[in-house]
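Engineer: My structure is below; once you've seen it, I'll send some questions.
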Amino acid sequence: MKVSADSKIFNDAVHGFIYIDSKYCQHIIDKPLFQRLKRLEQTNVRPLYPCAHHDRFVHSLGTYHLGSIAFQALQSNSQSELNDLNIPWPRCQKHFELACLLHDIGHAPFSHTFEFYYERGDNLNNYIVDETKIRVHSGNRAEFEKFKIDYNSTTPNQKPHEKTSAILVLTAYAEVLTEIFFADPFLIARMILGLPYKNSCSQDEKFFNCLIGLLNSNTIDVDKLDYIARDQWATGNISKSVSIERLLSSLYVKLSDSKLITCFHKRAINEIYSLIKAKKSINVRFHGHHTVKYDEYVLKKAVEETTRKYLNLTEGPSDLAISKIISIDALVSQVPFGALSITLPTDDDLIHILKSQISCSEYAKEWFYRDYYLKPVWKTYADYMYYFKDLTFEEKMYLFSHRQEIINSFLESHDIEKNNYWEVPDLDFQYKPIFSPDIKIYIKDKIVDFKELSSTDENVDYQEKNEKGESLKSDAMLSKGDSKNQPINPKKFFFLIYVPREIIKTPLREVLINHIRDSIKEYSSATLQAKN
């Protein structure tokens with residue numbers, strides 16, 4: 001990797017020495033917005049893995065580091081083939097490195113736990129294309145117009161922290177990016193958002209699209225590569241490690257049918273397999289773990305409750321107070337909050353408010369003392385399958401779609417307050433293939449989809465059939481926008497349910513499980529009679 005003489009050196013536990021241009025340090029890293037990232041947890045898994053105490057600051061440095069390696073590999077492997085296209089390599093590298101460095105600059109406290117509060121107080125989709133709020137001048141108006149059209153024509157599936165980071169690039173960083181680095185803030189914002197150029201884009205823009213996907217995509221990008229490696233390191237390397245340098249050294253941009261395609265040389269296939277397994281392991285064992293899920297739920301409730309009490313709010317939405325802290329305003333200015341004046345909000349600010357109101361918040365007590373009131377009826381998919389292994393696919397669908405009324409009927413029959421439970425119905429993403437099949441492999445002078453070379457269970461058709469051999473589809477799935485032609489993963493209907501701990505500690509747990517089974521039998525019996 002090429003290193004300039006005046007680079008600053010950071011010693012990283014994951015990647016070793018990271019060399020960063022001194023101008024990036026002077027104008028970006030050593031400023032308050034970036035330093036704030038040192039006080040933001042990278043993950044929410046510390047209730048399970050207490051050593052996972054890494055932050056967004058070092059993750060941003062790591063993403064920059066991998067971005068530099070990736071770009072230099074891309075240039076080394078592809079420059080001769082793309083020579084006729086006159087790619088502006090130095091300009092591309094500068095924009096890509098800046099985007100890697102700033103991609104998490106707008107992240108909310110406590111990893112992803114609170115990022116959706118950005119949307120509660122600000123309409124981010126309007127903000128990001130509002131020229132009264134972002135920096136637009138005559139020199140970049142054409143770029144702004146393209147950006148606005150492409151953003152408004154795209155389904156807004158970017159995460160709130162990505163939108164917030166892009167907004168900061170277009171506001172707080174617009175001047176330094178333009179005047180110090182002679183960079184285009186709108187191109188950097190595109191890279192952070194994963195927003196490619198559309199329609200009749202130029203040759204340069206087609207290449208920029210390759211870089212956009214290399215930072216933010218639904219396949220392999222340097223952001224994912226860093227947090228997979230970093231999360232594995234911080235939690236004790238519980239799954240197979242990936243040789244990231246070997247993977248990135250295999251990057252190419254190939255010209256195929258007048259299109260520029262980012263792909264990996266065939267020598268990277270084993271590393272891609274390892275990466276898929278590592279990411280799936282992280283999802284299932286970290287982020288989908290029942291303890292992590294519940295701790296996140298209690299923390300949200302505790303912060304909502306304590307911020308309201310701190311401001312003496314008795315009316316309005318439960319998230320009204322917290323959306324004053326988790327806001328763009330608080331990132332760029334002082335925001336009055338009761339007796340406090342908050343700016344650059346971090347995990348510490350929320351913990352301070354939690355501690356100040358702990359005596360009058362049951363959720364805060366529950367979180368600080370880890371005295372969890374609700375407990376899961378089953379903890380894993382294996383437990384779930386053990387209890388309900390005899391269910392047909394239709395019965396699993398019924399349980400999933402009627403879980404609330406089934407649980408509530410049990411609680412009422414045992415004089416327990418109705419709705420005194422919590423559920424996590426969206427765990428199916430933990431078990432789906434981690435990346436889309438759009439990963440491209442360069443093999444024998446051809447570019448093919450990774451799935452064509454894959455023999456793993458990543459590409460298993462999970463579609464189940466009824467007794468007549470007909471494919472089954474659920475209304476619940478279709479209402480969530482799934483294509484009618486998309487295979488159904490049976491784990492789509494896996495969920496976690498948490499009930500008061502007194503139920504789990506007594507024979508009532510088995511009574512509850514039997515109640516669930518009986519409810520399903522009644523449904524099956526009624527369905528069979530209706531058919532006859």
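Ordering of the structure tokens sets the chain letters (A, B, ...); residue numbers start at 1 within each chain; ligands are numbered from 1 in the order shown.
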Quick one: residues within 12 Å of Phe181 (chain A), only C-alpha atoms counted, chain neighbours fewer than 5 positions away excluded, as a PyMOL selection string?

Structural biologist: chain A and resi 21+23-24+26-28+90-91+93-95+97-98+173-176+188

Engineer: Could you take the residues named above and write them with N, CA and C atoms, as a short mmCIF file (atom, residue, chain, number, x, y, z; two decimals), in the first residue's frame?

Structural biologist:
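As written to disk, selection15.cif reads:
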data_model
loop_
_atom_site.label_atom_id
_atom_site.label_comp_id
_atom_site.auth_asym_id
_atom_site.auth_seq_id
_atom_site.Cartn_x
_atom_site.Cartn_y
_atom_site.Cartn_z
N ASP A 21 -3.45 10.50 5.59
CA ASP A 21 -2.91 11.78 5.14
C ASP A 21 -3.09 12.84 6.22
N LYS A 23 -3.50 15.93 6.12
CA LYS A 23 -4.55 16.93 5.86
C LYS A 23 -5.91 16.39 6.30
N TYR A 24 -6.14 15.08 6.14
CA TYR A 24 -7.38 14.49 6.63
C TYR A 24 -7.45 14.61 8.15
N GLN A 26 -5.89 16.88 10.06
CA GLN A 26 -5.99 18.28 10.45
C GLN A 26 -7.40 18.84 10.27
N HIS A 27 -8.03 18.52 9.15
CA HIS A 27 -9.29 19.18 8.80
C HIS A 27 -10.53 18.34 9.09
N ILE A 28 -10.35 17.05 9.37
CA ILE A 28 -11.52 16.20 9.62
C ILE A 28 -11.40 15.45 10.95
N PRO A 90 -6.68 9.91 -9.51
CA PRO A 90 -6.43 10.66 -8.26
C PRO A 90 -7.70 11.30 -7.69
N ARG A 91 -8.53 11.85 -8.55
CA ARG A 91 -9.79 12.47 -8.09
C ARG A 91 -10.73 11.41 -7.50
N GLN A 93 -9.84 8.56 -6.13
CA GLN A 93 -9.28 8.08 -4.87
C GLN A 93 -9.59 9.05 -3.73
N LYS A 94 -9.42 10.34 -3.99
CA LYS A 94 -9.67 11.34 -2.95
C LYS A 94 -11.12 11.29 -2.48
N HIS A 95 -12.05 11.24 -3.42
CA HIS A 95 -13.47 11.22 -3.05
C HIS A 95 -13.82 9.94 -2.29
N GLU A 97 -11.79 7.97 -0.48
CA GLU A 97 -11.20 7.99 0.86
C GLU A 97 -11.97 8.91 1.79
N LEU A 98 -12.35 10.08 1.31
CA LEU A 98 -13.13 11.00 2.15
C LEU A 98 -14.48 10.40 2.53
N TYR A 173 -19.64 19.95 6.46
CA TYR A 173 -18.35 19.68 5.80
C TYR A 173 -18.25 20.24 4.39
N ALA A 174 -19.30 20.87 3.90
CA ALA A 174 -19.31 21.32 2.50
C ALA A 174 -18.15 22.27 2.20
N GLU A 175 -17.90 23.20 3.11
CA GLU A 175 -16.86 24.19 2.85
C GLU A 175 -15.47 23.58 2.85
N VAL A 176 -15.16 22.75 3.84
CA VAL A 176 -13.81 22.17 3.91
C VAL A 176 -13.59 21.19 2.76
N ILE A 188 -19.53 12.59 -2.63
CA ILE A 188 -19.23 11.92 -1.36
C ILE A 188 -20.52 11.49 -0.67
#

Engineer: Run DSSP on the backbone and grab whatever in region 196-268 of chain A lands in strand (DSSP E or B); send it over as a VMD selection string.

Structural biologist: chain A and resid 251 to 256 259 to 265

Engineer: Please list as a PyMOL selection string every residue within 10 Å of region 39-46 of chain A, counting only C-alpha atoms and excluding residues in the same chain fewer than 4 positions away.

Structural biologist: chain A and resi 35+50-59+107-113+227+230-231+234-235+285-289+291-293+295-296+344-349

Engineer: Residues as selected, N, CA and C atoms, written as an mmCIF file, in the first residue's frame, can you do that?

Structural biologist:
data_model
loop_
_atom_site.group_PDB
_atom_site.id
_atom_site.type_symbol
_atom_site.label_atom_id
_atom_site.label_comp_id
_atom_site.auth_asym_id
_atom_site.auth_seq_id
_atom_site.Cartn_x
_atom_site.Cartn_y
_atom_site.Cartn_z
ATOM 1 N N GLN A 35 -14.273 13.524 16.463
ATOM 2 C CA GLN A 35 -13.841 13.051 17.789
ATOM 3 C C GLN A 35 -15.013 12.508 18.597
ATOM 4 N N PRO A 50 -18.876 -8.579 26.899
ATOM 5 C CA PRO A 50 -18.444 -7.343 27.569
ATOM 6 C C PRO A 50 -17.148 -6.753 27.014
ATOM 7 N N CYS A 51 -16.345 -7.549 26.311
ATOM 8 C CA CYS A 51 -15.099 -7.008 25.742
ATOM 9 C C CYS A 51 -15.336 -6.253 24.435
ATOM 10 N N ALA A 52 -16.549 -6.297 23.910
ATOM 11 C CA ALA A 52 -16.840 -5.644 22.627
ATOM 12 C C ALA A 52 -17.032 -4.145 22.843
ATOM 13 N N HIS A 53 -15.972 -3.511 23.324
ATOM 14 C CA HIS A 53 -16.034 -2.087 23.672
ATOM 15 C C HIS A 53 -15.263 -1.285 22.628
ATOM 16 N N HIS A 54 -15.701 -1.410 21.383
ATOM 17 C CA HIS A 54 -15.058 -0.667 20.302
ATOM 18 C C HIS A 54 -16.043 0.374 19.783
ATOM 19 N N ASP A 55 -15.509 1.387 19.128
ATOM 20 C CA ASP A 55 -16.343 2.556 18.830
ATOM 21 C C ASP A 55 -16.353 2.901 17.345
ATOM 22 N N ARG A 56 -17.206 3.872 17.014
ATOM 23 C CA ARG A 56 -17.365 4.303 15.623
ATOM 24 C C ARG A 56 -16.138 5.049 15.102
ATOM 25 N N PHE A 57 -15.353 5.609 15.992
ATOM 26 C CA PHE A 57 -14.135 6.313 15.589
ATOM 27 C C PHE A 57 -13.161 5.353 14.921
ATOM 28 N N VAL A 58 -12.819 4.285 15.619
ATOM 29 C CA VAL A 58 -11.823 3.364 15.074
ATOM 30 C C VAL A 58 -12.408 2.582 13.898
ATOM 31 N N HIS A 59 -13.716 2.350 13.897
ATOM 32 C CA HIS A 59 -14.346 1.704 12.734
ATOM 33 C C HIS A 59 -14.224 2.591 11.499
ATOM 34 N N HIS A 107 -23.656 9.152 12.907
ATOM 35 C CA HIS A 107 -24.238 8.023 13.635
ATOM 36 C C HIS A 107 -24.824 8.461 14.978
ATOM 37 N N ALA A 108 -25.883 7.780 15.390
ATOM 38 C CA ALA A 108 -26.546 8.062 16.665
ATOM 39 C C ALA A 108 -25.870 7.285 17.796
ATOM 40 N N PRO A 109 -26.124 7.673 19.045
ATOM 41 C CA PRO A 109 -25.583 6.924 20.188
ATOM 42 C C PRO A 109 -26.050 5.469 20.213
ATOM 43 N N PHE A 110 -25.270 4.650 20.891
ATOM 44 C CA PHE A 110 -25.563 3.228 21.109
ATOM 45 C C PHE A 110 -25.843 2.487 19.806
ATOM 46 N N SER A 111 -24.885 2.557 18.903
ATOM 47 C CA SER A 111 -24.951 1.820 17.651
ATOM 48 C C SER A 111 -26.232 2.160 16.896
ATOM 49 N N HIS A 112 -26.995 1.124 16.477
ATOM 50 C CA HIS A 112 -28.206 1.382 15.684
ATOM 51 C C HIS A 112 -29.448 1.541 16.551
ATOM 52 N N THR A 113 -29.295 1.455 17.868
ATOM 53 C CA THR A 113 -30.447 1.435 18.757
ATOM 54 C C THR A 113 -31.298 2.689 18.633
ATOM 55 N N TYR A 227 -16.397 -3.873 9.794
ATOM 56 C CA TYR A 227 -17.118 -4.196 11.025
ATOM 57 C C TYR A 227 -17.220 -5.698 11.253
ATOM 58 N N ARG A 230 -13.832 -6.379 12.808
ATOM 59 C CA ARG A 230 -13.723 -5.722 14.111
ATOM 60 C C ARG A 230 -14.646 -6.384 15.149
ATOM 61 N N ASP A 231 -15.850 -6.733 14.735
ATOM 62 C CA ASP A 231 -16.766 -7.405 15.657
ATOM 63 C C ASP A 231 -16.238 -8.785 16.041
ATOM 64 N N ALA A 234 -13.413 -8.240 18.552
ATOM 65 C CA ALA A 234 -13.881 -7.741 19.846
ATOM 66 C C ALA A 234 -14.655 -8.785 20.643
ATOM 67 N N THR A 235 -15.173 -9.792 19.950
ATOM 68 C CA THR A 235 -15.954 -10.813 20.648
ATOM 69 C C THR A 235 -15.215 -12.135 20.770
ATOM 70 N N ARG A 285 -25.441 -15.073 16.220
ATOM 71 C CA ARG A 285 -24.893 -15.213 17.569
ATOM 72 C C ARG A 285 -24.742 -13.883 18.294
ATOM 73 N N PHE A 286 -24.707 -12.784 17.566
ATOM 74 C CA PHE A 286 -24.581 -11.475 18.200
ATOM 75 C C PHE A 286 -25.913 -10.728 18.167
ATOM 76 N N HIS A 287 -26.226 -10.214 16.975
ATOM 77 C CA HIS A 287 -27.311 -9.250 16.851
ATOM 78 C C HIS A 287 -28.694 -9.874 16.990
ATOM 79 N N GLY A 288 -28.828 -11.165 16.701
ATOM 80 C CA GLY A 288 -30.121 -11.813 16.854
ATOM 81 C C GLY A 288 -30.270 -12.537 18.173
ATOM 82 N N HIS A 289 -29.302 -12.413 19.062
ATOM 83 C CA HIS A 289 -29.356 -13.113 20.347
ATOM 84 C C HIS A 289 -30.454 -12.529 21.226
ATOM 85 N N THR A 291 -30.738 -12.064 24.394
ATOM 86 C CA THR A 291 -30.311 -11.110 25.421
ATOM 87 C C THR A 291 -30.029 -9.745 24.815
ATOM 88 N N VAL A 292 -29.358 -9.716 23.680
ATOM 89 C CA VAL A 292 -29.056 -8.454 22.999
ATOM 90 C C VAL A 292 -30.345 -7.749 22.599
ATOM 91 N N LYS A 293 -31.281 -8.514 22.046
ATOM 92 C CA LYS A 293 -32.551 -7.923 21.613
ATOM 93 C C LYS A 293 -33.304 -7.300 22.783
ATOM 94 N N ASP A 295 -32.131 -6.387 25.808
ATOM 95 C CA ASP A 295 -31.394 -5.274 26.411
ATOM 96 C C ASP A 295 -31.601 -3.991 25.606
ATOM 97 N N GLU A 296 -31.621 -4.112 24.286
ATOM 98 C CA GLU A 296 -31.858 -2.959 23.426
ATOM 99 C C GLU A 296 -33.264 -2.396 23.653
ATOM 100 N N LEU A 344 -23.292 17.612 20.159
ATOM 101 C CA LEU A 344 -22.510 16.425 19.801
ATOM 102 C C LEU A 344 -22.921 15.227 20.669
ATOM 103 N N PRO A 345 -24.203 14.841 20.656
ATOM 104 C CA PRO A 345 -24.708 13.806 21.572
ATOM 105 C C PRO A 345 -23.997 12.468 21.422
ATOM 106 N N THR A 346 -23.683 11.859 22.554
ATOM 107 C CA THR A 346 -22.998 10.567 22.592
ATOM 108 C C THR A 346 -23.712 9.650 23.573
ATOM 109 N N ASP A 347 -23.191 8.428 23.708
ATOM 110 C CA ASP A 347 -23.738 7.478 24.677
ATOM 111 C C ASP A 347 -23.750 8.088 26.084
ATOM 112 N N ASP A 348 -22.701 8.855 26.413
ATOM 113 C CA ASP A 348 -22.564 9.417 27.760
ATOM 114 C C ASP A 348 -23.726 10.343 28.125
ATOM 115 N N ASP A 349 -24.201 11.118 27.138
ATOM 116 C CA ASP A 349 -25.302 12.045 27.425
ATOM 117 C C ASP A 349 -26.561 11.283 27.841
#

Engineer: Would you please work out which residue, of A:Glu412, A:Glu162, A:Glu395, A:Asp204, is nearest to Glu119 (chain A) when using only C-alpha atoms?

Structural biologist: A:Glu162

Engineer: Quick one: everything within 10 Å of Lys446 (chain A), counting only C-alpha atoms, minus sequence neighbours fewer than 5 positions away in the same chain. Send it as a PDB file with N, CA and C atoms, in the first residue's frame.

Structural biologist:
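Now in selection_3.pdb:
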ATOM      1  N   LYS A 254     -14.271  -4.302 -14.578  1.00  0.00           N
ATOM      2  CA  LYS A 254     -14.171  -4.835 -15.942  1.00  0.00           C
ATOM      3  C   LYS A 254     -15.177  -4.125 -16.846  1.00  0.00           C
ATOM      4  N   SER A 256     -17.651  -4.604 -19.697  1.00  0.00           N
ATOM      5  CA  SER A 256     -18.395  -5.708 -20.300  1.00  0.00           C
ATOM      6  C   SER A 256     -19.664  -5.165 -20.947  1.00  0.00           C
ATOM      7  N   LYS A 440     -20.101 -10.460  -8.281  1.00  0.00           N
ATOM      8  CA  LYS A 440     -19.614 -10.892  -9.585  1.00  0.00           C
ATOM      9  C   LYS A 440     -18.210 -11.489  -9.467  1.00  0.00           C
ATOM     10  N   ILE A 441     -17.981 -12.587 -10.180  1.00  0.00           N
ATOM     11  CA  ILE A 441     -16.694 -13.282 -10.169  1.00  0.00           C
ATOM     12  C   ILE A 441     -16.109 -13.280 -11.582  1.00  0.00           C
TER      13      ILE A 441
END

Engineer: Write down as a ChimeraX atom specification the residues of region 331-387 of chain A whose backbone DSSP state falls under helix (DSSP H, G or I).

Structural biologist: /A:331-332,347-356,358-360,362-369,381-387

Engineer: Would you work out the distance separating CA of Asn152 (chain A) from CA of Cys201 (chain A), expressed in Å to one decimal?

Structural biologist: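 It comes out at 16.7 Å.
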
Engineer: Any idea what's packed within 6 Å of Val222 (chain A), counting only C-alpha atoms, ignoring anything in its chain fewer than 5 positions away? Could you give it as number ranges by chain?

Structural biologist: A: 63, 66-67, 215

Engineer: Can you tell me which residues surround Asp319 (chain A) at a distance of at most 8 Å, considering only C-alpha atoms, apart from same-chain residues fewer than 3 positions away, and format the answer as a list in words?

Structural biologist: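 Contacts, with the query itself left out: Tyr117, Arg120, Glu304, Ile322 and Ser323 of chain A.
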
Engineer: Create the file for the chosen residues now, containing all heavy atoms and written as a short mmCIF file (atom, residue, chain, number, x, y, z; two decimals), in the first residue's frame.

Structural biologist:
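Output file out_0.cif follows:
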data_model
loop_
_atom_site.label_atom_id
_atom_site.label_comp_id
_atom_site.auth_asym_id
_atom_site.auth_seq_id
_atom_site.Cartn_x
_atom_site.Cartn_y
_atom_site.Cartn_z
N TYR A 117 -34.63 7.64 15.72
CA TYR A 117 -35.17 8.87 16.31
C TYR A 117 -34.82 10.09 15.47
O TYR A 117 -35.45 11.13 15.61
CB TYR A 117 -34.66 9.03 17.75
CG TYR A 117 -35.22 7.99 18.69
CD1 TYR A 117 -34.57 6.77 18.85
CD2 TYR A 117 -36.39 8.21 19.40
CE1 TYR A 117 -35.08 5.79 19.70
CE2 TYR A 117 -36.91 7.25 20.26
CZ TYR A 117 -36.24 6.04 20.40
OH TYR A 117 -36.75 5.08 21.24
N ARG A 120 -37.83 10.94 13.65
CA ARG A 120 -38.98 11.42 14.42
C ARG A 120 -39.01 12.95 14.46
O ARG A 120 -40.07 13.56 14.43
CB ARG A 120 -38.93 10.88 15.85
CG ARG A 120 -38.66 9.39 15.97
CD ARG A 120 -39.79 8.54 15.47
NE ARG A 120 -39.43 7.13 15.40
CZ ARG A 120 -39.52 6.28 16.41
NH1 ARG A 120 -39.95 6.70 17.58
NH2 ARG A 120 -39.18 5.03 16.25
N GLU A 304 -36.47 6.74 26.65
CA GLU A 304 -37.71 7.47 26.38
C GLU A 304 -38.35 7.95 27.68
O GLU A 304 -38.78 9.11 27.79
CB GLU A 304 -38.68 6.58 25.60
CG GLU A 304 -38.33 6.39 24.15
CD GLU A 304 -39.39 5.61 23.39
OE1 GLU A 304 -40.35 5.13 24.04
OE2 GLU A 304 -39.27 5.48 22.16
N ILE A 322 -36.62 12.47 23.42
CA ILE A 322 -35.36 11.93 22.91
C ILE A 322 -35.07 12.44 21.50
O ILE A 322 -33.91 12.60 21.11
CB ILE A 322 -35.40 10.38 22.94
CG1 ILE A 322 -34.06 9.78 22.49
CG2 ILE A 322 -36.51 9.82 22.10
CD1 ILE A 322 -32.91 10.15 23.35
N SER A 323 -36.11 12.76 20.73
CA SER A 323 -35.87 13.26 19.37
C SER A 323 -35.28 14.66 19.37
O SER A 323 -34.79 15.14 18.35
CB SER A 323 -37.17 13.25 18.55
OG SER A 323 -38.14 14.12 19.11
#

Engineer: So that I can check the surroundings of Thr262 (chain A), please list as a ChimeraX atom specification every protein, DNA and RNA residue that reaches within 10 Å of it, counting only C-alpha atoms and ignoring chain neighbours fewer than 4 positions away.

Structural biologist: /A:74,207,209-211,213-214,251-255,439-442,447

Engineer: Keeping only all heavy atoms, take the residues you just selected and write them out as a compact mmCIF listing (two decimals), in the first residue's frame.

Structural biologist:
# COMPACT_ATOMS: atom_id res chain seq x y z
N LEU A 74 -7.84 -1.96 -6.98
CA LEU A 74 -8.69 -1.72 -8.14
C LEU A 74 -7.92 -1.03 -9.26
O LEU A 74 -7.98 -1.43 -10.43
CB LEU A 74 -9.88 -0.85 -7.71
CG LEU A 74 -11.19 -0.96 -8.47
CD1 LEU A 74 -11.77 -2.35 -8.35
CD2 LEU A 74 -12.18 0.06 -7.90
N PHE A 207 -17.95 4.91 -13.57
CA PHE A 207 -16.88 4.43 -12.69
C PHE A 207 -17.17 4.82 -11.24
O PHE A 207 -16.93 4.04 -10.31
CB PHE A 207 -15.53 5.00 -13.13
CG PHE A 207 -14.38 4.43 -12.34
CD1 PHE A 207 -13.91 3.16 -12.58
CD2 PHE A 207 -13.77 5.18 -11.34
CE1 PHE A 207 -12.86 2.63 -11.84
CE2 PHE A 207 -12.72 4.67 -10.60
CZ PHE A 207 -12.26 3.38 -10.85
N ASN A 209 -19.99 4.96 -9.93
CA ASN A 209 -20.98 4.00 -9.45
C ASN A 209 -20.32 2.74 -8.89
O ASN A 209 -20.80 2.15 -7.91
CB ASN A 209 -21.95 3.62 -10.56
CG ASN A 209 -22.99 4.70 -10.83
OD1 ASN A 209 -23.16 5.62 -10.04
ND2 ASN A 209 -23.70 4.59 -11.94
N CYS A 210 -19.22 2.34 -9.49
CA CYS A 210 -18.47 1.18 -8.97
C CYS A 210 -17.94 1.49 -7.57
O CYS A 210 -17.98 0.64 -6.67
CB CYS A 210 -17.32 0.82 -9.90
SG CYS A 210 -17.84 0.24 -11.53
N LEU A 211 -17.44 2.71 -7.37
CA LEU A 211 -16.91 3.09 -6.06
C LEU A 211 -18.03 3.25 -5.04
O LEU A 211 -17.87 2.94 -3.86
CB LEU A 211 -16.11 4.38 -6.18
CG LEU A 211 -14.86 4.33 -7.06
CD1 LEU A 211 -14.16 5.68 -7.08
CD2 LEU A 211 -13.90 3.25 -6.58
N GLY A 213 -20.76 1.52 -4.89
CA GLY A 213 -21.08 0.18 -4.43
C GLY A 213 -20.00 -0.45 -3.58
O GLY A 213 -20.26 -1.36 -2.79
N LEU A 214 -18.78 0.05 -3.70
CA LEU A 214 -17.67 -0.49 -2.91
C LEU A 214 -17.67 0.04 -1.47
O LEU A 214 -17.02 -0.52 -0.61
CB LEU A 214 -16.34 -0.15 -3.60
CG LEU A 214 -15.10 -0.92 -3.16
CD1 LEU A 214 -15.31 -2.42 -3.25
CD2 LEU A 214 -13.90 -0.51 -4.00
N LEU A 251 -9.88 -7.46 -6.39
CA LEU A 251 -10.89 -6.55 -6.95
C LEU A 251 -10.52 -6.09 -8.35
O LEU A 251 -9.37 -5.71 -8.61
CB LEU A 251 -11.03 -5.33 -6.04
CG LEU A 251 -12.13 -5.34 -4.97
CD1 LEU A 251 -11.97 -4.13 -4.08
CD2 LEU A 251 -13.52 -5.34 -5.62
N TYR A 252 -11.51 -6.07 -9.21
CA TYR A 252 -11.35 -5.56 -10.57
C TYR A 252 -12.57 -4.71 -10.94
O TYR A 252 -13.66 -4.92 -10.40
CB TYR A 252 -11.28 -6.70 -11.59
CG TYR A 252 -9.99 -7.47 -11.63
CD1 TYR A 252 -9.69 -8.42 -10.65
CD2 TYR A 252 -9.08 -7.27 -12.66
CE1 TYR A 252 -8.51 -9.15 -10.69
CE2 TYR A 252 -7.89 -7.99 -12.72
CZ TYR A 252 -7.61 -8.93 -11.73
OH TYR A 252 -6.44 -9.64 -11.78
N VAL A 253 -12.36 -3.78 -11.85
CA VAL A 253 -13.47 -3.19 -12.60
C VAL A 253 -13.27 -3.60 -14.04
O VAL A 253 -12.24 -3.31 -14.64
CB VAL A 253 -13.52 -1.65 -12.48
CG1 VAL A 253 -14.53 -1.07 -13.47
CG2 VAL A 253 -13.90 -1.24 -11.06
N LYS A 254 -14.27 -4.30 -14.58
CA LYS A 254 -14.17 -4.83 -15.94
C LYS A 254 -15.18 -4.13 -16.85
O LYS A 254 -16.29 -3.79 -16.43
CB LYS A 254 -14.46 -6.34 -15.94
CG LYS A 254 -13.35 -7.18 -15.31
CD LYS A 254 -12.15 -7.25 -16.23
CE LYS A 254 -11.05 -8.13 -15.65
NZ LYS A 254 -9.88 -8.18 -16.55
N LEU A 255 -14.76 -3.92 -18.08
CA LEU A 255 -15.65 -3.36 -19.09
C LEU A 255 -16.33 -4.51 -19.81
O LEU A 255 -15.67 -5.33 -20.46
CB LEU A 255 -14.86 -2.50 -20.07
CG LEU A 255 -15.66 -1.71 -21.11
CD1 LEU A 255 -16.61 -0.72 -20.43
CD2 LEU A 255 -14.70 -0.96 -22.04
N ILE A 439 -22.96 -10.55 -6.36
CA ILE A 439 -21.50 -10.58 -6.31
C ILE A 439 -21.00 -11.18 -7.62
O ILE A 439 -21.44 -12.25 -8.04
CB ILE A 439 -21.00 -11.44 -5.13
CG1 ILE A 439 -21.52 -10.88 -3.80
CG2 ILE A 439 -19.48 -11.50 -5.11
CD1 ILE A 439 -21.22 -11.77 -2.61
N LYS A 440 -20.10 -10.46 -8.28
CA LYS A 440 -19.61 -10.89 -9.59
C LYS A 440 -18.21 -11.49 -9.47
O LYS A 440 -17.37 -10.95 -8.74
CB LYS A 440 -19.59 -9.72 -10.57
CG LYS A 440 -20.92 -9.00 -10.74
CD LYS A 440 -22.00 -9.90 -11.32
CE LYS A 440 -23.29 -9.13 -11.52
NZ LYS A 440 -24.38 -10.01 -12.01
N ILE A 441 -17.98 -12.59 -10.18
CA ILE A 441 -16.69 -13.28 -10.17
C ILE A 441 -16.11 -13.28 -11.58
O ILE A 441 -16.80 -13.60 -12.56
CB ILE A 441 -16.85 -14.74 -9.69
CG1 ILE A 441 -17.47 -14.77 -8.28
CG2 ILE A 441 -15.50 -15.45 -9.69
CD1 ILE A 441 -16.63 -14.13 -7.21
N TYR A 442 -14.83 -12.92 -11.68
CA TYR A 442 -14.11 -12.93 -12.96
C TYR A 442 -13.38 -14.26 -13.06
O TYR A 442 -12.46 -14.54 -12.29
CB TYR A 442 -13.14 -11.76 -13.02
CG TYR A 442 -12.28 -11.72 -14.25
CD1 TYR A 442 -12.86 -11.65 -15.52
CD2 TYR A 442 -10.89 -11.72 -14.15
CE1 TYR A 442 -12.07 -11.61 -16.65
CE2 TYR A 442 -10.10 -11.66 -15.29
CZ TYR A 442 -10.69 -11.61 -16.54
OH TYR A 442 -9.91 -11.57 -17.66
N ILE A 447 -17.40 -12.96 -16.74
CA ILE A 447 -17.94 -12.46 -15.46
C ILE A 447 -19.23 -13.21 -15.17
O ILE A 447 -20.17 -13.18 -15.98
CB ILE A 447 -18.20 -10.95 -15.53
CG1 ILE A 447 -16.88 -10.20 -15.78
CG2 ILE A 447 -18.84 -10.46 -14.23
CD1 ILE A 447 -17.06 -8.73 -16.02

Engineer: Give me, please, the distance in Å between CA of Ser217 (chain A) and CA of Glu452 (chain A), quoted to one decimal.

Structural biologist: 20.1 Å

Engineer: Using only C-alpha atoms, can you tell me which of A:Tyr384, A:Phe182, A:Phe10, A:Trp89 comes closest to Lys396 (chain A)?

Structural biologist: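 Counting only C-alpha atoms, the residue closest to Lys396 (chain A) is A:Tyr384.
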
Engineer: Closest to Gly236 (chain A) among A:Tyr297, A:Phe337, A:Tyr49, A:Tyr151, using only C-alpha atoms?

Structural biologist: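 Using only C-alpha atoms, the shortest distance to Gly236 (chain A) belongs to A:Tyr49.
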
Engineer: Suppose you want the space between CA of Ala530 (chain A) and CA of Tyr387 (chain A); what is it in Å?

Structural biologist: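 Separation between CA of Ala530 (chain A) and CA of Tyr387 (chain A): 26.8 Å.
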
Engineer: Identify which of the residues A:Leu512, A:Ala364, A:Phe147, A:His265 lies closest to Lys444 (chain A), counting only C-alpha atoms when measuring atom-to-atom distances.

Structural biologist: A:His265

Engineer: So, counting only C-alpha atoms, which residue among A:Arg370, A:Val448, A:Ile276, A:Val424 is closest to Pro47 (chain A)?

Structural biologist: A:Arg370
